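What follows is a short report on a single structure.
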Amino acid sequence: MGRRPGYLRIWAGVFRYMSEWALRRQGFIWILLAAPIIAWILPGQTAVPFLPLIISCITYSGPAAFLVGWRESDARNDLADILFQSKAGKYSLIIPEILFSFMAGALPALGLATIWTAARGGFPWQLWTVIPFASLTAVSVTVLLEKYLKQTGYILNLLAFMAQASTASWVLSPVFQLIIPHGYVLWTLRWIEGNGAAFHGDIYVFFAVIEGIGLMLLTFKVLSSKFSN
Amino acid sequence: MDSSVQLSTEKLYITDNSKVPLDLAVLAGSMTVLLGDDESIASDLALIIAGLKPPVSGRIQFGDDNLSIYSHSARGRIVYVSCDFSCPDGMTVSGHLSLAAAAAGYSRKETRNILSQLYGWCSLENCVNKEVNELSPDNRYLVAFAAACLPVPDVFVLQGPFSEKLHPLLEDLCQGGCAVIASLPEIQYIPQSADRIAVCDSNDVRKIVRLQELSDACSILMRLHVRFFPALPRAVMESLPGAKDIVAIPGGYEFYHAGLSTAVTNLVNLARANSRQIAGLEVRPPSNSELVEFYATDDEPGEADLFWAEDLDI
């Protein structure tokens, strides 16, 4: 048969089984909410309005809620067994699993950002751009930290959430603002507000794009192999 | 039988300890069994042939064009069916086969038609809406096999054991020109339609034999367990014509005999003549290690090609 595989049907199948797997886990809602809650109760966060904090966190916790543990799961291995060998190939699994978790972060964040900016008379292009790339980075960071640091990776990810919401003086340093990728959305939001951002919004966008694309290349490589201890 | 070569190996070393390269050719329409338990190379060789595990060295070529099995053109033309197949929780038989059909390139309409044919052929009509993970192991294997059929591959690599329900389906495939390679742990799982059996040890393919040759070897190596009531004295048992290496077991004896039907006839006569009844009779096939040992004195391992000259019209 020379026909192309039905990629959309395969993607729909991967979306379905991935979301069923994620929603079946007890940890799903906690992963989704842990970062905003912890960030919100941090001392000194009062300078950060709740909605921007949620927008910033959801770009990361959305993908993480679907991806944490997914690469090592039986469900993913079973799908890999079905698809990696087929004519559709391994990317028929890798692309939808990245796309699905990316959308789980980017779509709600963009929706909330629209609400947040509606009263402010405009939605700066930097925010439109930085949110999707931050979500893409979140997918990569979750996969790569899990692959290389296991449980420590989860803790580091969570600490980064907490750090970005802090108003400690070291958080306001330019170097810090560029090395913690979780912060790009929040720093762009702060820049829009004219509140504590060390750089122009374009700089955050630039780094978010570079990081999003760069890390994604590594993520493709990691996801290309079936999980094995 | 289509005599085109579906797979061939070139100087293939399977493990670091392999002493001789394996030169193997698998013809279209043939069924080859890789016989060996977990400690042998049989299952590894199946993975290597399916392109899922790299060999230590050497090549496997696909088709008459000598394509690499790793090439894009070979994708979907060699399929592997694992015996520990499972699906994501919640995936039904129809869900799994629909996904496999989409991956194989069938349209929605074609999928409906092909799946209804497949359910019938594989006797899966009663499990269509059941969860794959809740099926019996035999039916789960059948589902994996059905999914493997969807891309219409040229070579099936099956990791056994699998149920006898699959044997006629494999015969159909061979008649249709597919090559089937099955890795099986024991001789009792070998389908009647198998053409060649590669007896594997822990390092190499020890010997490649026809089914009839294996059958002959088994009749020499098989052990019979017989129990009499009341117990039969050993001296009487030793008078049984053709019995060798007689060992006492609780309630009876274990022994070798070159011919099964002769042995049974002689045992019945012996029991009758001594006013005994046969309380139990069991035929134990040789273990893989016994077969490997049996063939160890024969040809050098790995040298024999899978097919005789007359098969290839040479």
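The chains in the structure tokens are called A, B, ... from first to last as shown; in each chain the residues are counted from 1, and the ligands are counted from 1 in the order shown.
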What's around Ala75 (chain A) at 8 Å? Count only C-alpha atoms, leave out sequence neighbours fewer than 2 positions away in its own chain, and write the answer as a compact mmCIF listing (two decimals) with N, CA, C and O atoms, in the first residue's frame.
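Generated output (out.txt):
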```txt
# COMPACT_ATOMS: atom_id res chain seq x y z
N TYR A 17 -5.73 8.67 24.56
CA TYR A 17 -5.15 7.75 25.54
C TYR A 17 -4.21 8.46 26.51
O TYR A 17 -4.08 8.07 27.67
N MET A 18 -3.59 9.54 26.02
CA MET A 18 -2.72 10.31 26.91
C MET A 18 -3.55 11.04 27.96
O MET A 18 -3.19 11.05 29.15
N TRP A 21 -4.93 8.58 30.47
CA TRP A 21 -3.88 8.16 31.39
C TRP A 21 -3.62 9.24 32.44
O TRP A 21 -3.51 8.97 33.64
N TRP A 70 4.83 10.34 32.08
CA TRP A 70 4.27 9.79 30.84
C TRP A 70 5.30 8.98 30.05
O TRP A 70 5.05 7.89 29.57
N SER A 73 5.73 5.58 31.31
CA SER A 73 4.51 4.84 31.62
C SER A 73 4.29 3.65 30.67
O SER A 73 4.79 3.64 29.54
N ASN A 77 4.57 3.26 26.47
CA ASN A 77 5.32 2.16 25.86
C ASN A 77 4.44 1.32 24.95
O ASN A 77 4.88 0.87 23.88
N ASP A 78 3.18 1.12 25.39
CA ASP A 78 2.26 0.34 24.56
C ASP A 78 1.96 1.06 23.25
O ASP A 78 1.94 0.44 22.18
N LEU A 79 1.75 2.37 23.34
CA LEU A 79 1.50 3.13 22.11
C LEU A 79 2.74 3.12 21.21
O LEU A 79 2.64 3.01 19.98
N CYS B 87 -1.89 -3.04 25.89
CA CYS B 87 -2.38 -1.78 25.33
C CYS B 87 -2.57 -0.78 26.46
O CYS B 87 -2.66 -1.18 27.62
N PRO B 88 -2.67 0.52 26.15
CA PRO B 88 -3.01 1.47 27.21
C PRO B 88 -4.35 1.09 27.84
O PRO B 88 -5.24 0.57 27.15
N ASP B 89 -4.50 1.34 29.15
CA ASP B 89 -5.76 1.02 29.82
C ASP B 89 -6.91 1.74 29.10
O ASP B 89 -6.79 2.90 28.73
```
Counting only C-alpha atoms, a student should be able to say which residues of chain B come within 12 Å of chain A; what is the right answer, written as a PDB file with N, CA and C atoms, in the first residue's frame?
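Saved to iface-v5.pdb:
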```pdb
ATOM      1  N   ALA B  50      13.721  -8.781  13.211  1.00  0.00           N
ATOM      2  CA  ALA B  50      12.660  -7.780  13.067  1.00  0.00           C
ATOM      3  C   ALA B  50      13.212  -6.353  13.032  1.00  0.00           C
ATOM      4  N   GLY B  51      14.520  -6.219  13.243  1.00  0.00           N
ATOM      5  CA  GLY B  51      15.124  -4.888  13.195  1.00  0.00           C
ATOM      6  C   GLY B  51      14.950  -4.117  14.486  1.00  0.00           C
ATOM      7  N   LEU B  52      14.601  -4.817  15.562  1.00  0.00           N
ATOM      8  CA  LEU B  52      14.367  -4.131  16.838  1.00  0.00           C
ATOM      9  C   LEU B  52      15.567  -4.196  17.774  1.00  0.00           C
ATOM     10  N   ILE B  69      17.093  -3.800   6.466  1.00  0.00           N
ATOM     11  CA  ILE B  69      15.816  -3.895   7.190  1.00  0.00           C
ATOM     12  C   ILE B  69      15.527  -2.604   7.952  1.00  0.00           C
ATOM     13  N   TYR B  70      16.543  -1.752   8.089  1.00  0.00           N
ATOM     14  CA  TYR B  70      16.339  -0.487   8.803  1.00  0.00           C
ATOM     15  C   TYR B  70      15.904   0.633   7.851  1.00  0.00           C
ATOM     16  N   SER B  71      15.881   0.352   6.556  1.00  0.00           N
ATOM     17  CA  SER B  71      15.562   1.416   5.602  1.00  0.00           C
ATOM     18  C   SER B  71      14.093   1.793   5.689  1.00  0.00           C
ATOM     19  N   HIS B  72      13.803   2.994   5.213  1.00  0.00           N
ATOM     20  CA  HIS B  72      12.429   3.502   5.252  1.00  0.00           C
ATOM     21  C   HIS B  72      11.503   2.619   4.428  1.00  0.00           C
ATOM     22  N   SER B  73      12.035   2.095   3.316  1.00  0.00           N
ATOM     23  CA  SER B  73      11.190   1.271   2.433  1.00  0.00           C
ATOM     24  C   SER B  73      10.776  -0.031   3.099  1.00  0.00           C
ATOM     25  N   ALA B  74      11.576  -0.476   4.069  1.00  0.00           N
ATOM     26  CA  ALA B  74      11.257  -1.756   4.725  1.00  0.00           C
ATOM     27  C   ALA B  74      10.272  -1.582   5.868  1.00  0.00           C
ATOM     28  N   ARG B  75      10.011  -0.330   6.247  1.00  0.00           N
ATOM     29  CA  ARG B  75       9.139  -0.099   7.402  1.00  0.00           C
ATOM     30  C   ARG B  75       7.724  -0.596   7.120  1.00  0.00           C
ATOM     31  N   GLY B  76       7.189  -1.366   8.036  1.00  0.00           N
ATOM     32  CA  GLY B  76       5.840  -1.901   7.877  1.00  0.00           C
ATOM     33  C   GLY B  76       5.819  -3.194   7.075  1.00  0.00           C
ATOM     34  N   ARG B  77       6.961  -3.566   6.498  1.00  0.00           N
ATOM     35  CA  ARG B  77       6.983  -4.806   5.701  1.00  0.00           C
ATOM     36  C   ARG B  77       7.514  -5.985   6.522  1.00  0.00           C
ATOM     37  N   ILE B  78       8.157  -5.674   7.633  1.00  0.00           N
ATOM     38  CA  ILE B  78       8.541  -6.715   8.594  1.00  0.00           C
ATOM     39  C   ILE B  78       7.857  -6.335   9.906  1.00  0.00           C
ATOM     40  N   VAL B  79       7.017  -7.208  10.409  1.00  0.00           N
ATOM     41  CA  VAL B  79       6.324  -6.872  11.662  1.00  0.00           C
ATOM     42  C   VAL B  79       6.711  -7.873  12.744  1.00  0.00           C
ATOM     43  N   TYR B  80       6.693  -7.391  13.964  1.00  0.00           N
ATOM     44  CA  TYR B  80       7.067  -8.214  15.118  1.00  0.00           C
ATOM     45  C   TYR B  80       5.875  -8.280  16.066  1.00  0.00           C
ATOM     46  N   VAL B  81       5.539  -9.465  16.501  1.00  0.00           N
ATOM     47  CA  VAL B  81       4.445  -9.631  17.463  1.00  0.00           C
ATOM     48  C   VAL B  81       5.047 -10.187  18.753  1.00  0.00           C
ATOM     49  N   SER B  82       4.933  -9.386  19.811  1.00  0.00           N
ATOM     50  CA  SER B  82       5.529  -9.789  21.085  1.00  0.00           C
ATOM     51  C   SER B  82       4.530 -10.607  21.887  1.00  0.00           C
ATOM     52  N   ASP B  84       4.336 -10.553  25.125  1.00  0.00           N
ATOM     53  CA  ASP B  84       3.838  -9.795  26.283  1.00  0.00           C
ATOM     54  C   ASP B  84       3.201  -8.478  25.826  1.00  0.00           C
ATOM     55  N   PHE B  85       2.414  -8.595  24.798  1.00  0.00           N
ATOM     56  CA  PHE B  85       1.747  -7.422  24.219  1.00  0.00           C
ATOM     57  C   PHE B  85       0.686  -6.873  25.173  1.00  0.00           C
ATOM     58  N   SER B  86       0.633  -5.578  25.298  1.00  0.00           N
ATOM     59  CA  SER B  86      -0.456  -4.956  26.065  1.00  0.00           C
ATOM     60  C   SER B  86      -0.795  -3.616  25.432  1.00  0.00           C
ATOM     61  N   CYS B  87      -1.893  -3.036  25.891  1.00  0.00           N
ATOM     62  CA  CYS B  87      -2.376  -1.777  25.330  1.00  0.00           C
ATOM     63  C   CYS B  87      -2.569  -0.781  26.461  1.00  0.00           C
ATOM     64  N   PRO B  88      -2.674   0.516  26.150  1.00  0.00           N
ATOM     65  CA  PRO B  88      -3.013   1.465  27.210  1.00  0.00           C
ATOM     66  C   PRO B  88      -4.354   1.088  27.842  1.00  0.00           C
ATOM     67  N   ASP B  89      -4.496   1.337  29.146  1.00  0.00           N
ATOM     68  CA  ASP B  89      -5.765   1.022  29.816  1.00  0.00           C
ATOM     69  C   ASP B  89      -6.912   1.735  29.105  1.00  0.00           C
ATOM     70  N   GLY B  90      -7.990   1.006  28.939  1.00  0.00           N
ATOM     71  CA  GLY B  90      -9.166   1.600  28.303  1.00  0.00           C
ATOM     72  C   GLY B  90      -9.225   1.373  26.802  1.00  0.00           C
ATOM     73  N   MET B  91      -8.153   0.856  26.207  1.00  0.00           N
ATOM     74  CA  MET B  91      -8.151   0.647  24.749  1.00  0.00           C
ATOM     75  C   MET B  91      -8.865  -0.660  24.418  1.00  0.00           C
ATOM     76  N   THR B  92      -9.893  -0.558  23.603  1.00  0.00           N
ATOM     77  CA  THR B  92     -10.630  -1.764  23.210  1.00  0.00           C
ATOM     78  C   THR B  92      -9.977  -2.404  21.992  1.00  0.00           C
ATOM     79  N   GLY B  95     -10.619  -0.246  19.138  1.00  0.00           N
ATOM     80  CA  GLY B  95      -9.810   0.968  19.243  1.00  0.00           C
ATOM     81  C   GLY B  95      -8.372   0.705  18.824  1.00  0.00           C
ATOM     82  N   HIS B  96      -7.859  -0.416  19.281  1.00  0.00           N
ATOM     83  CA  HIS B  96      -6.478  -0.759  18.945  1.00  0.00           C
ATOM     84  C   HIS B  96      -6.321  -1.010  17.446  1.00  0.00           C
ATOM     85  N   LEU B  97      -7.245  -1.806  16.902  1.00  0.00           N
ATOM     86  CA  LEU B  97      -7.113  -2.144  15.486  1.00  0.00           C
ATOM     87  C   LEU B  97      -7.393  -0.927  14.594  1.00  0.00           C
ATOM     88  N   SER B  98      -8.261  -0.029  15.059  1.00  0.00           N
ATOM     89  CA  SER B  98      -8.504   1.192  14.274  1.00  0.00           C
ATOM     90  C   SER B  98      -7.245   2.054  14.239  1.00  0.00           C
ATOM     91  N   LEU B  99      -6.577   2.143  15.391  1.00  0.00           N
ATOM     92  CA  LEU B  99      -5.332   2.929  15.437  1.00  0.00           C
ATOM     93  C   LEU B  99      -4.272   2.291  14.530  1.00  0.00           C
ATOM     94  N   ALA B 100      -4.184   0.965  14.607  1.00  0.00           N
ATOM     95  CA  ALA B 100      -3.203   0.265  13.757  1.00  0.00           C
ATOM     96  C   ALA B 100      -3.554   0.429  12.275  1.00  0.00           C
ATOM     97  N   ALA B 101      -4.866   0.457  11.980  1.00  0.00           N
ATOM     98  CA  ALA B 101      -5.290   0.630  10.585  1.00  0.00           C
ATOM     99  C   ALA B 101      -4.950   2.031  10.088  1.00  0.00           C
ATOM    100  N   ALA B 102      -5.145   3.026  10.959  1.00  0.00           N
ATOM    101  CA  ALA B 102      -4.787   4.402  10.573  1.00  0.00           C
ATOM    102  C   ALA B 102      -3.285   4.484  10.322  1.00  0.00           C
ATOM    103  N   ALA B 103      -2.506   3.831  11.179  1.00  0.00           N
ATOM    104  CA  ALA B 103      -1.047   3.844  11.018  1.00  0.00           C
ATOM    105  C   ALA B 103      -0.624   3.114   9.748  1.00  0.00           C
ATOM    106  N   ALA B 104      -1.439   2.139   9.326  1.00  0.00           N
ATOM    107  CA  ALA B 104      -1.098   1.380   8.116  1.00  0.00           C
ATOM    108  C   ALA B 104      -1.571   2.081   6.844  1.00  0.00           C
ATOM    109  N   GLY B 105      -2.355   3.140   6.989  1.00  0.00           N
ATOM    110  CA  GLY B 105      -2.746   3.921   5.818  1.00  0.00           C
ATOM    111  C   GLY B 105      -4.118   3.606   5.251  1.00  0.00           C
ATOM    112  N   TYR B 106      -4.995   3.000   6.033  1.00  0.00           N
ATOM    113  CA  TYR B 106      -6.360   2.735   5.556  1.00  0.00           C
ATOM    114  C   TYR B 106      -7.242   3.948   5.828  1.00  0.00           C
ATOM    115  N   SER B 107      -8.133   4.245   4.888  1.00  0.00           N
ATOM    116  CA  SER B 107      -9.114   5.316   5.118  1.00  0.00           C
ATOM    117  C   SER B 107     -10.155   4.795   6.107  1.00  0.00           C
ATOM    118  N   ARG B 108     -11.022   5.700   6.583  1.00  0.00           N
ATOM    119  CA  ARG B 108     -12.054   5.279   7.546  1.00  0.00           C
ATOM    120  C   ARG B 108     -12.929   4.163   6.972  1.00  0.00           C
ATOM    121  N   GLU B 110     -12.303   2.089   4.444  1.00  0.00           N
ATOM    122  CA  GLU B 110     -11.526   0.844   4.273  1.00  0.00           C
ATOM    123  C   GLU B 110     -11.306   0.159   5.618  1.00  0.00           C
ATOM    124  N   THR B 111     -11.099   0.985   6.655  1.00  0.00           N
ATOM    125  CA  THR B 111     -10.860   0.429   7.991  1.00  0.00           C
ATOM    126  C   THR B 111     -12.047  -0.420   8.430  1.00  0.00           C
ATOM    127  N   VAL B 132      -8.584  -4.604  25.613  1.00  0.00           N
ATOM    128  CA  VAL B 132      -7.534  -5.557  25.218  1.00  0.00           C
ATOM    129  C   VAL B 132      -6.851  -6.158  26.452  1.00  0.00           C
ATOM    130  N   ASN B 133      -6.578  -5.319  27.441  1.00  0.00           N
ATOM    131  CA  ASN B 133      -5.843  -5.806  28.619  1.00  0.00           C
ATOM    132  C   ASN B 133      -6.660  -6.778  29.466  1.00  0.00           C
ATOM    133  N   VAL B 143      -5.094 -10.478  19.000  1.00  0.00           N
ATOM    134  CA  VAL B 143      -5.325  -9.059  18.663  1.00  0.00           C
ATOM    135  C   VAL B 143      -4.028  -8.439  18.136  1.00  0.00           C
ATOM    136  N   ALA B 144      -2.936  -8.736  18.827  1.00  0.00           N
ATOM    137  CA  ALA B 144      -1.639  -8.208  18.372  1.00  0.00           C
ATOM    138  C   ALA B 144      -1.318  -8.727  16.971  1.00  0.00           C
ATOM    139  N   PHE B 145      -1.634  -9.984  16.751  1.00  0.00           N
ATOM    140  CA  PHE B 145      -1.387 -10.595  15.449  1.00  0.00           C
ATOM    141  C   PHE B 145      -2.259  -9.929  14.370  1.00  0.00           C
ATOM    142  N   ALA B 146      -3.541  -9.709  14.723  1.00  0.00           N
ATOM    143  CA  ALA B 146      -4.457  -9.071  13.764  1.00  0.00           C
ATOM    144  C   ALA B 146      -3.941  -7.686  13.392  1.00  0.00           C
ATOM    145  N   ALA B 147      -3.463  -6.941  14.394  1.00  0.00           N
ATOM    146  CA  ALA B 147      -2.937  -5.596  14.112  1.00  0.00           C
ATOM    147  C   ALA B 147      -1.708  -5.682  13.210  1.00  0.00           C
ATOM    148  N   ALA B 148      -0.901  -6.718  13.437  1.00  0.00           N
ATOM    149  CA  ALA B 148       0.315  -6.886  12.628  1.00  0.00           C
ATOM    150  C   ALA B 148      -0.020  -7.202  11.181  1.00  0.00           C
ATOM    151  N   CYS B 149      -1.204  -7.793  10.954  1.00  0.00           N
ATOM    152  CA  CYS B 149      -1.598  -8.141   9.578  1.00  0.00           C
ATOM    153  C   CYS B 149      -2.002  -6.908   8.769  1.00  0.00           C
ATOM    154  N   LEU B 150      -2.395  -5.840   9.462  1.00  0.00           N
ATOM    155  CA  LEU B 150      -2.980  -4.694   8.755  1.00  0.00           C
ATOM    156  C   LEU B 150      -2.080  -4.049   7.702  1.00  0.00           C
ATOM    157  N   PRO B 151      -0.790  -3.862   7.980  1.00  0.00           N
ATOM    158  CA  PRO B 151       0.036  -3.257   6.917  1.00  0.00           C
ATOM    159  C   PRO B 151       0.364  -4.218   5.773  1.00  0.00           C
ATOM    160  N   VAL B 152      -0.202  -5.431   5.805  1.00  0.00           N
ATOM    161  CA  VAL B 152       0.077  -6.475   4.806  1.00  0.00           C
ATOM    162  C   VAL B 152       1.597  -6.646   4.656  1.00  0.00           C
ATOM    163  N   PRO B 153       2.239  -7.108   5.713  1.00  0.00           N
ATOM    164  CA  PRO B 153       3.707  -7.226   5.665  1.00  0.00           C
ATOM    165  C   PRO B 153       4.160  -8.428   4.850  1.00  0.00           C
ATOM    166  N   ASP B 154       5.430  -8.435   4.532  1.00  0.00           N
ATOM    167  CA  ASP B 154       6.006  -9.577   3.814  1.00  0.00           C
ATOM    168  C   ASP B 154       6.587 -10.598   4.787  1.00  0.00           C
TER     169      ASP B 154
END
```
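The space between CA of Trp30 (chain A) and CA of Ile58 (chain A) spans 12.5 Å.
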Taking into account only C-alpha atoms, which residue in the set B:Asn269, B:Ser43, B:Ser275, B:Asn139 is nearest to Phe229 (chain B)? B:Ser275
May I ask which of the residues A:Ile29, A:Phe199, A:Tyr154, A:Val139 is the closest one to Ile95 (chain A), counting only C-alpha atoms? A:Val139
So which residues touch Leu232 (chain B) within 9 Å, counting only C-alpha atoms, skipping near sequence neighbours fewer than 6 positions away, as a ChimeraX atom specification? /B:251-252,271,274,276
Would you mind exporting the chosen residues as an mmCIF file, in the first residue's frame, restricted to N, CA and C atoms?
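Written out: result.cif:
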```cif
data_model
loop_
_atom_site.group_PDB
_atom_site.id
_atom_site.type_symbol
_atom_site.label_atom_id
_atom_site.label_comp_id
_atom_site.auth_asym_id
_atom_site.auth_seq_id
_atom_site.Cartn_x
_atom_site.Cartn_y
_atom_site.Cartn_z
ATOM 1 N N GLY B 251 6.089 -45.583 41.482
ATOM 2 C CA GLY B 251 5.004 -46.336 40.845
ATOM 3 C C GLY B 251 5.326 -46.840 39.450
ATOM 4 N N GLY B 252 6.522 -46.605 38.961
ATOM 5 C CA GLY B 252 6.795 -47.055 37.594
ATOM 6 C C GLY B 252 8.218 -46.791 37.138
ATOM 7 N N ALA B 271 2.255 -55.608 30.319
ATOM 8 C CA ALA B 271 1.312 -55.486 31.443
ATOM 9 C C ALA B 271 0.334 -56.652 31.453
ATOM 10 N N ASN B 274 1.811 -59.933 32.616
ATOM 11 C CA ASN B 274 2.143 -59.988 34.049
ATOM 12 C C ASN B 274 0.960 -59.581 34.928
ATOM 13 N N ARG B 276 -0.875 -56.945 35.069
ATOM 14 C CA ARG B 276 -0.788 -55.575 35.590
ATOM 15 C C ARG B 276 -1.656 -54.663 34.714
#
```
